[in-house]
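Working notes, structure below.
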Amino acid sequence: MHIFPAIDLRGGKVVRLEQGRAEAQTIYGDDPVSVAAGFYAAGARYLHMVDLDGAFTGKLTNLRLVRAVAEASPLFIELGGGMRTEEAIAEALETGVDRVVVGTRACESLPFVRTVVEKFGAEKIAVGIDAKDGIVSTRGWTAPSRWTAPELARAVAEQGVRTLIYTDIATDGMFTGPNFTALGELMAAVPKTRIIASGGVATREHVRKLHALGNQIGGVIIGKALYDGKLNLADVIKQVQPA
């Protein structure tokens with residue numbers, strides 16, 4: 001299981017939101033390159049980035065900063081937020097990120113998902129499933145969709161998607177722990193699909209329980225708990241990836 005520290009960008013700054021609410025924002029700085037370098041120095045080899053402006057507006061806004069991180073860092077980088085056209089995905093990949101995360105558009109068009117998987121390759125495309133009370137939300141978590149999380153997972157897996165990023169909105173940034181019930185339902189729905197878990201991780205015990213779920217959980221995204229000092233990144237990495 002890989003540890004993905006998170007960098008969320010909004011207005012050119014490194015921020016975290018609580019439960020995805022734009023008004024519940026904490027700013028942690030304006031230099032994502034140095035933040036990524038700190039993560040690498042602590043032992044991270046993977047990084048999860050989100051263009052929050054892109055998620056809210058549908059237009060990529062922070063690619064200059066994303067490119068700067070990609071050029072300066074040897075980290076494997078996945079990027080989400082605003083991936084709603086083939087052109088946006090191509091532009092994002094051109095910055096040097098390793099994988100993009102399609103969210104809103106996956107809910108709206110399964111043919112689009114199949115097209116981008118075939119065009120860019122399954123290793124370059126993940127689908128983000130962001131759910132609250134089991135219902136997938138879109139457009140920066142502001143609009144509920146018609147999908148439940150397991151339904152969407154099965155549908156995009158049929159289009160060739162091999163990696164899902166699952167975020168439980170209710171727990172995101174709240175330090176209450178992952179939604180293990182929802183994760184279990186998702187794992188059962190798509191047993192051959194890799195899942196990266198996100199939302200609520202705040203203790204070593206949370207990480208241990210995710211790790212114990214087995215190889216289907218390919219990673220865990222940790223954000224606010226790192227920035228607020230509740231978790232030490234180096235310790236967590238050693239916990240799941242012992243030397």
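Chains: A, B, ... in order of the structure tokens. Residues: from 1 per chain. Ligands: from 1, in order shown.
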
When DSSP works through the backbone of this structure, what residues of range 128-190 of chain A end up as strand (DSSP E or B), shown as a CSV table (one decimal) with C-alpha atoms, in the first residue's frame?
```
chain,number,residue,atom,x,y,z
A,128,GLY,CA,-12.4,9.6,-8.7
A,129,ILE,CA,-15.4,8.5,-6.8
A,130,ASP,CA,-16.3,11.1,-4.2
A,131,ALA,CA,-19.4,10.1,-2.2
A,132,LYS,CA,-21.5,11.2,0.7
A,135,ILE,CA,-24.2,9.0,-3.4
A,136,VAL,CA,-21.4,10.2,-5.8
A,137,SER,CA,-21.0,14.0,-5.9
A,138,THR,CA,-19.7,16.0,-8.8
A,143,ALA,CA,-23.8,18.5,-7.0
A,144,PRO,CA,-25.1,15.0,-6.3
A,145,SER,CA,-25.2,12.5,-9.2
A,146,ARG,CA,-27.5,9.7,-10.0
A,147,TRP,CA,-24.9,7.1,-9.1
A,148,THR,CA,-24.2,5.2,-5.9
A,163,THR,CA,-7.7,2.4,-10.5
A,164,LEU,CA,-10.3,4.2,-8.4
A,165,ILE,CA,-9.7,7.0,-6.0
A,166,TYR,CA,-12.4,6.7,-3.3
A,167,THR,CA,-13.1,9.7,-1.1
A,168,ASP,CA,-15.7,9.7,1.7
```

Which residues are near range 211-227 of chain A? Cut-off 10 Å, only C-alpha atoms, ignore same chain within fewer than 3 positions. Put them as a ChimeraX atom specification. /A:1-8,15-18,26,28,35,39,46-49,163-167,172-175,178,180,183-184,187,190-203,205-208,230-233,239-240

Set the distance at 7 Å and use only C-alpha atoms: which residues neighbour Met83 in chain A once local chain neighbours fewer than 5 positions away are removed? I'd like the list as a list in words. Ala88, Ile89, Val101 and Val102 of chain A

Pick out the residues sitting within 8 Å of Gly96 in chain A, and hand them over as an NGL selection string; count only C-alpha atoms, and ignore anything fewer than 3 positions along from it in its own chain. :A and (67 or 70-71 or 92-93)

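Near Phe120 in chain A, within a cut-off of 12 Å and counting only C-alpha atoms, sit the residues Glu86, Glu87, Ile89, Ala90, Glu91, Ala92, Leu93, Glu94, Asp98, Arg99, Val100, Phe112, Val113, Arg114, Thr115, Val116, Val117, Glu123, Lys124, Ile125, Ala126, Gly160 and Val161 of chain A, with same-chain residues fewer than 3 positions away left out.
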
In range 32-188 of chain A, what's alpha helix (DSSP H) per DSSP? Answer as a PyMOL selection string? chain A and resi 32-41+52-57+63-72+86-94+104-108+110-120+149-157+180-188

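Using only C-alpha atoms, the residues found no farther than 10 Å from Arg21 in chain A, other than those of its own chain fewer than 5 positions away, are Arg16, Gly140, Trp141, Thr142 and Ile169 of chain A.
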
Saved selection, atoms kept: N, CA and C atoms, as a short mmCIF file (atom, residue, chain, number, x, y, z; two decimals), in the first residue's frame:
```
data_model
loop_
_atom_site.label_atom_id
_atom_site.label_comp_id
_atom_site.auth_asym_id
_atom_site.auth_seq_id
_atom_site.Cartn_x
_atom_site.Cartn_y
_atom_site.Cartn_z
N ARG A 16 -6.24 23.18 2.35
CA ARG A 16 -7.06 22.02 2.65
C ARG A 16 -8.46 22.52 2.97
N GLY A 140 -16.73 19.48 -8.00
CA GLY A 140 -16.14 19.94 -6.76
C GLY A 140 -16.98 19.62 -5.54
N TRP A 141 -17.70 18.49 -5.61
CA TRP A 141 -18.52 17.99 -4.50
C TRP A 141 -19.73 18.89 -4.23
N THR A 142 -20.15 19.66 -5.23
CA THR A 142 -21.27 20.58 -5.02
C THR A 142 -22.58 20.04 -5.58
N ILE A 169 -16.73 11.93 1.52
CA ILE A 169 -16.79 13.37 1.73
C ILE A 169 -17.05 13.72 3.19
#
```
